[in-house]
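> Next up is a structure, given as structure tokens.
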Amino acid sequence: MADHADLLFELGTEELPPTALRRLSDALTAEFTSGLEKANLGHGTVRPFATPRRLGLLVERCALQQPDQEIERRGPALQAAFDTEGKPTRAAEGFARSCGVQVHDLARLKSDKGEWLMYHLQQQGQPASALLPEIAESALNRLPIPKRMRWGDREALFVRPVHWLLFLHGEQVVPCTLLGAEAGRSTRGHRFHHPDPIIVESPAKYEDLLLNKGRVIAHFDTRQVKIEQQVKSSAEALGGRAEIDPALLDEVTALVEWPVPISAGFEERFLEVPHEALILTMKKNQKYFHLLDPEGRLVNHFITIANIDSPRPEVIKEGNERVVRPRLSDAMFFWEQDGKHRLESYVDALKSVVFQQKLGSMYEKSERVARLAGYIARAIGGDPELARRAGMLSRCDLMTAMVQEFPDMQGVMGRHQAERDGESAELAQAMEEFYMPRFSGDRLPESRTGIATSLAEKIDTLVGIFGIGQKPTGDKDPFALRRTALGALRILWEHQLPLELGPLLQRAAEALADRLNPEWEVGEVRIFLMERLRGLYQERGVGANLFRAVAEVEPPSIIDFDRRIEAVAAFHSLPEAEALAAANKRIRNILRKAGVGIPAKVEPGLFQEDEERDLYQTLQALEQAIEPLLEVSDYASTLQALAELKDPIDAFFDRVLVMADDPLVQGNRLALLNGLYQLFRKVADVSHLQ
């Protein structure tokens with residue numbers, strides 16, 4: 001008799017939220033699999049199913065019963081289990097009672113650490129049919145559903161009303177009721193093509209039955225691949241190329257069970273509108289896939305995916321064209337209306353828009369950003385005047401009708417409007433780059449003006465929000481300061497900008513001086529930035545110790561920080577590195593214990609041992625040798641030169657007593673060690689490599 005069989009679970013519902021379907025399916029698979037493993041029910045491959053009307057999974061070769069288990073429980077030690085007369089104590093009797101036996105039925109466990117009472121139990125494994133309902137219920141309860149609903153007069157709660165439950169283990173139904181639905185062996189096909197129940201005799205037949213009889217492609221990824229192929233082939237038939245957004249593809253896959261591509265179009269006159277607005281309304285509002293010509297320009301065709309194989313697809317085509325036309329007409333109207341005004345005409349309107357109550361209006365923020373952008377542009381070789389103008393115009397597109405209707409067009413509309421106004425190409429580009437990067441992994445601004453305005457905006461926001469006491473706490477970050485900080489760091493790092501972080505933050509704080517809490521320190525923002533920078537380096541494989549070694553010396557700029565990281569990483573691979581790191585750690589601890597009062601200058605006349613003279617002379621020579629290297633930030637060569645200190649340091653610690661009885665000699669030796677420690681700190685605190 002087989003000891004395993006395929007397991008099939010399917011929950012049938014009203015249409016599930018499309019943007020959450022994949023997440024719900026992944027969570028159900030993970031939680032159900034975890035439940036099987038906790039119950040010690042062995043199994044093979046798990047295949048998930050997810051469509052708008054169902055969540056399910058097929059578990060191959062799932063055990064029909066738990067294996068038998070031998071349970072051992074250790075009780076009290078013998079000395080606590082029996083009194084001096086050998087009679088059981090309350091501890092022994094309580095343990096026996098909890099095991100359901102008498103004290104004399106308990107075994108004894110003896111080891112070199114002592115002897116205890118022990119209870120052995122051979123527990124027979126339960127049948128899977130008794131365990132699976134609870135496993136399924138627990139998995140459903142743990143799904144990431146922020147708000148559950150109740151339907152009809154039932155007490156059950158789920159993301160959508162539940163209509164059926166298919167639950168088979170082999171050819172047997174797993175008897176249970178979940179979310180108000182009683183388990184059975186029937187599923188349902190496509191809502192229109194096959195609305196009647198479909199009997200499933202065994203789990204292995206489920207997917208083919210739904211496909212061939214029910215007109216449902218149950219596997220999410222299979223359906224998604226088919227949709228992608230349909231869109232691409234339809235686009236090629238029209239002489240275009242489909243630009244497929246993965247998020248849109250996910251959403252469309254979650255909206256249909258039987259995908260059928262429909263090619264449609266719109267009037268060419270709408271192509272006069274900025275293409276980003278047309279694409280946005282097609283993707284976001286209508287879930288259409290737009291097409292590009294061989295040169296990458298938008299064409300007046302789109303592909304929609306229907307959820308029905310209609311005998312008259314032209315009706316669906318006409319319906320989609322009819323629905324999208326008013327939206328495109330709105331976009332054209334907004335574009336034409338906005339063309340009657342120049343971008344700079346909206347500057348005064350920003351005075352009526354509040355950025356943050358304590359930090360003033362958008363107009364005031366734009367003024368601050370403009371000044372800071374001019375300062376940054378000058379430092380990075382850009383045009384300060386152009387950066388200041390870009391800073392003042394950067395938020396003006398927020399007042400346009402286009403952005404008020406399509407908020408995702410901010411920045412993009414600014415670029416198009418600036419071009420229409422006849423502004424310079426770099427300023428127009430900066431209008432869009434001002435918002436970059438918008439999210440993790442997004443592209444960075446490229447023009448000097450765009451870099452200056454984007455960085456100025458982020459630094460002003462960080463300093464302002466921190467300065468009024470609204471920094472992020474826990475998982476609460478209403479002003480998205482973590483994302484803002486990462487964006488600023490990426491700009492500084494990836495563009496290798498020679499901007500010193502301290503003066504940059506201080507300049508932003510000075511512009512906000514009358515608005516910030518008087519006791520606040522700008523150093524808080526630096527610490528926050530360093531925490532985010534540590535995360536960026538961790539993603540690139542840089543260890544915490546290496547990062548801390550550099551962070552301890554507070555490099556002036558991010559580019560300088562990066563050079564030191566590279567140098568310390570190279571130093572770490574040297575054969576002398578481990579010993580020198582250990583020596584620096586020892587020196588750091590000695591200096592901390594010594595406290596204040598260490599002489600500022602070493603007096604060679606106080607040397608008593610050859611080893612301290614040798615170390616001093618080596619230090620003097622190396623200090624002169626590395627000075628020109630430090631001037632050009634050649635940190636790698638600096639640390640390589642300092643590696644020569646290994647032997648003199650080893651000899652010093654082998655033969656010289658630092659804490660000598662003579663306070664003058666002791667102070668002189670501490671000064672020597674401090675000079676050595678500070679010499680390394682000109683690059684990094686390598687003691688943290690230990």
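Following the order of the structure tokens, first chain is A, next is B, and so on, with residues numbered from 1 inside each chain and ligands from 1 in the order they appear.
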Please list as a ChimeraX atom specification every residue within 9 Å of Tyr635 in chain A, counting only C-alpha atoms and excluding residues in the same chain fewer than 2 positions away.
/A:563-564,566-568,629-630,632-633,637-640,682-683
> Store the residues picked out above, limited to C-alpha atoms, as a compact mmCIF listing (two decimals), in the first residue's frame.

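Saved result, part-v7.txt, follows:
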```txt
# COMPACT_ATOMS: atom_id res chain seq x y z
CA ARG A 563 38.83 55.68 -1.77
CA ARG A 564 39.63 54.80 1.83
CA GLU A 566 39.24 50.47 -1.36
CA ALA A 567 42.58 51.16 0.33
CA VAL A 568 41.66 49.39 3.57
CA LEU A 629 50.71 60.33 -0.86
CA LEU A 630 48.02 61.75 1.43
CA VAL A 632 46.80 63.15 -3.59
CA SER A 633 44.55 60.81 -1.57
CA SER A 637 50.04 53.32 -1.11
CA THR A 638 49.94 55.02 2.30
CA LEU A 639 48.77 51.88 4.07
CA GLN A 640 51.18 49.75 2.11
CA LYS A 682 45.10 59.52 8.60
CA VAL A 683 43.59 56.78 6.45
```
> Name all residues at most 7 Å from range 299-309 of chain A (count only C-alpha atoms; drop same-chain ones fewer than 4 positions away) and give them as a list in words.
Val231, Val256, Glu257, Trp258, Pro259, Val260, Pro261, Ile262, Ser263, Ala264, Gly265, Phe266, Glu267, Glu268, Tyr288, Phe289, His290, Leu291, Leu292 and Asp293 of chain A
> Using N, CA and C atoms, can you export the residues from the last selection as a compact mmCIF listing (two decimals), in the first residue's frame?

```
# COMPACT_ATOMS: atom_id res chain seq x y z
N VAL A 231 1.34 39.40 -26.65
CA VAL A 231 1.53 40.84 -26.84
C VAL A 231 2.64 41.09 -27.86
N VAL A 256 -6.93 37.98 -15.70
CA VAL A 256 -7.56 37.08 -16.68
C VAL A 256 -7.25 35.62 -16.36
N GLU A 257 -8.15 34.73 -16.79
CA GLU A 257 -7.94 33.29 -16.67
C GLU A 257 -7.71 32.65 -18.04
N TRP A 258 -8.24 33.27 -19.06
CA TRP A 258 -8.09 32.76 -20.43
C TRP A 258 -7.73 33.95 -21.33
N PRO A 259 -6.44 34.28 -21.43
CA PRO A 259 -6.03 35.51 -22.12
C PRO A 259 -6.19 35.44 -23.64
N VAL A 260 -6.77 36.50 -24.18
CA VAL A 260 -6.93 36.63 -25.63
C VAL A 260 -6.49 38.04 -26.02
N PRO A 261 -5.48 38.19 -26.90
CA PRO A 261 -5.00 39.53 -27.27
C PRO A 261 -5.93 40.22 -28.25
N ILE A 262 -6.13 41.50 -28.04
CA ILE A 262 -6.95 42.33 -28.94
C ILE A 262 -6.12 43.54 -29.34
N SER A 263 -5.91 43.74 -30.63
CA SER A 263 -5.17 44.91 -31.13
C SER A 263 -6.15 46.04 -31.40
N ALA A 264 -5.79 47.23 -30.96
CA ALA A 264 -6.66 48.39 -31.16
C ALA A 264 -5.80 49.63 -31.38
N GLY A 265 -6.44 50.78 -31.53
CA GLY A 265 -5.68 51.99 -31.79
C GLY A 265 -6.44 53.25 -31.43
N PHE A 266 -5.79 54.38 -31.67
CA PHE A 266 -6.42 55.68 -31.43
C PHE A 266 -5.95 56.66 -32.50
N GLU A 267 -6.61 57.82 -32.56
CA GLU A 267 -6.30 58.79 -33.62
C GLU A 267 -4.87 59.33 -33.50
N GLU A 268 -4.24 59.53 -34.63
CA GLU A 268 -2.85 60.00 -34.65
C GLU A 268 -2.71 61.38 -34.03
N TYR A 288 -3.43 48.70 -20.79
CA TYR A 288 -3.06 48.40 -22.17
C TYR A 288 -1.53 48.34 -22.29
N PHE A 289 -1.06 47.58 -23.28
CA PHE A 289 0.36 47.55 -23.61
C PHE A 289 0.56 48.47 -24.82
N HIS A 290 1.39 49.50 -24.66
CA HIS A 290 1.60 50.44 -25.76
C HIS A 290 2.67 49.90 -26.70
N LEU A 291 2.72 50.47 -27.91
CA LEU A 291 3.65 50.00 -28.94
C LEU A 291 4.57 51.13 -29.38
N LEU A 292 5.78 50.75 -29.77
CA LEU A 292 6.76 51.70 -30.28
C LEU A 292 7.15 51.30 -31.70
N ASP A 293 7.56 52.31 -32.49
CA ASP A 293 8.06 52.01 -33.84
C ASP A 293 9.53 51.61 -33.75
```
> Just want the 12 Å neighbourhood of Lys585 in chain A, counted on only C-alpha atoms, with same-chain residues fewer than 6 positions away dropped. Output as a ChimeraX atom specification.
/A:549,578-579,591-592,673-674,676-677,680,685-690
> If you run DSSP on the backbone here, which positions in range 32-208 of chain A get alpha helix (DSSP H)? Please write them as a ChimeraX atom specification.
/A:32-38,78-81,90-99,128-141,206-208
> Once you have the residues from the selection above, write them out as a PDB file, in the first residue's frame, restricted to C-alpha atoms.

```
ATOM      1  CA  PHE A  32       1.234  25.655   3.560  1.00  0.00           C
ATOM      2  CA  THR A  33       4.653  24.112   2.900  1.00  0.00           C
ATOM      3  CA  SER A  34       5.869  25.294   6.293  1.00  0.00           C
ATOM      4  CA  GLY A  35       2.829  23.671   7.918  1.00  0.00           C
ATOM      5  CA  LEU A  36       3.563  20.348   6.212  1.00  0.00           C
ATOM      6  CA  GLU A  37       7.152  20.445   7.391  1.00  0.00           C
ATOM      7  CA  LYS A  38       6.208  21.319  10.970  1.00  0.00           C
ATOM      8  CA  LEU A  78      17.156  12.228  41.364  1.00  0.00           C
ATOM      9  CA  GLN A  79      18.288  14.234  44.372  1.00  0.00           C
ATOM     10  CA  ALA A  80      15.171  16.395  43.958  1.00  0.00           C
ATOM     11  CA  ALA A  81      12.905  13.475  42.980  1.00  0.00           C
ATOM     12  CA  ARG A  90       6.093  16.304  44.985  1.00  0.00           C
ATOM     13  CA  ALA A  91       8.387  17.148  42.049  1.00  0.00           C
ATOM     14  CA  ALA A  92       8.631  13.485  41.005  1.00  0.00           C
ATOM     15  CA  GLU A  93       4.906  12.871  41.472  1.00  0.00           C
ATOM     16  CA  GLY A  94       4.025  15.993  39.491  1.00  0.00           C
ATOM     17  CA  PHE A  95       6.283  14.972  36.616  1.00  0.00           C
ATOM     18  CA  ALA A  96       4.818  11.439  36.577  1.00  0.00           C
ATOM     19  CA  ARG A  97       1.303  12.839  36.639  1.00  0.00           C
ATOM     20  CA  SER A  98       2.051  15.128  33.685  1.00  0.00           C
ATOM     21  CA  CYS A  99       3.222  12.054  31.771  1.00  0.00           C
ATOM     22  CA  ALA A 128      -2.542  13.384   7.245  1.00  0.00           C
ATOM     23  CA  SER A 129      -6.307  13.779   6.873  1.00  0.00           C
ATOM     24  CA  ALA A 130      -6.482  14.770  10.549  1.00  0.00           C
ATOM     25  CA  LEU A 131      -3.697  17.335  10.206  1.00  0.00           C
ATOM     26  CA  LEU A 132      -4.303  18.948   6.809  1.00  0.00           C
ATOM     27  CA  PRO A 133      -7.406  21.021   7.730  1.00  0.00           C
ATOM     28  CA  GLU A 134      -5.516  22.833  10.474  1.00  0.00           C
ATOM     29  CA  ILE A 135      -2.476  23.303   8.211  1.00  0.00           C
ATOM     30  CA  ALA A 136      -4.668  24.851   5.505  1.00  0.00           C
ATOM     31  CA  GLU A 137      -6.588  27.031   7.962  1.00  0.00           C
ATOM     32  CA  SER A 138      -3.374  28.322   9.526  1.00  0.00           C
ATOM     33  CA  ALA A 139      -1.916  29.104   6.090  1.00  0.00           C
ATOM     34  CA  LEU A 140      -5.033  31.065   5.087  1.00  0.00           C
ATOM     35  CA  ASN A 141      -5.064  32.985   8.365  1.00  0.00           C
ATOM     36  CA  TYR A 206      -6.557  19.129 -12.084  1.00  0.00           C
ATOM     37  CA  GLU A 207      -4.449  21.430 -14.264  1.00  0.00           C
ATOM     38  CA  ASP A 208      -5.279  19.684 -17.553  1.00  0.00           C
TER      39      ASP A 208
END
```
> If we count only C-alpha atoms and set the cut-off at 6 Å, which residues sit around range 371-381 of chain A, ignoring sequence neighbours fewer than 5 positions away in its own chain? Please answer as a CSV table (one decimal) with N, CA and C atoms, in the first residue's frame.

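The new file selection_0.csv reads:
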```
chain,number,residue,atom,x,y,z
A,387,ALA,N,21.7,76.6,-12.4
A,387,ALA,CA,21.2,75.7,-11.3
A,387,ALA,C,20.3,76.5,-10.4
A,388,ARG,N,20.5,77.8,-10.2
A,388,ARG,CA,19.6,78.5,-9.3
A,388,ARG,C,18.3,78.7,-10.0
A,452,ALA,N,22.8,69.0,-9.4
A,452,ALA,CA,22.9,70.1,-8.4
A,452,ALA,C,21.5,70.3,-7.8
A,453,THR,N,20.4,70.3,-8.6
A,453,THR,CA,19.1,70.6,-8.1
A,453,THR,C,18.5,69.4,-7.4
A,456,ALA,N,20.4,69.1,-4.0
A,456,ALA,CA,20.0,70.2,-3.1
A,456,ALA,C,18.7,70.0,-2.5
```
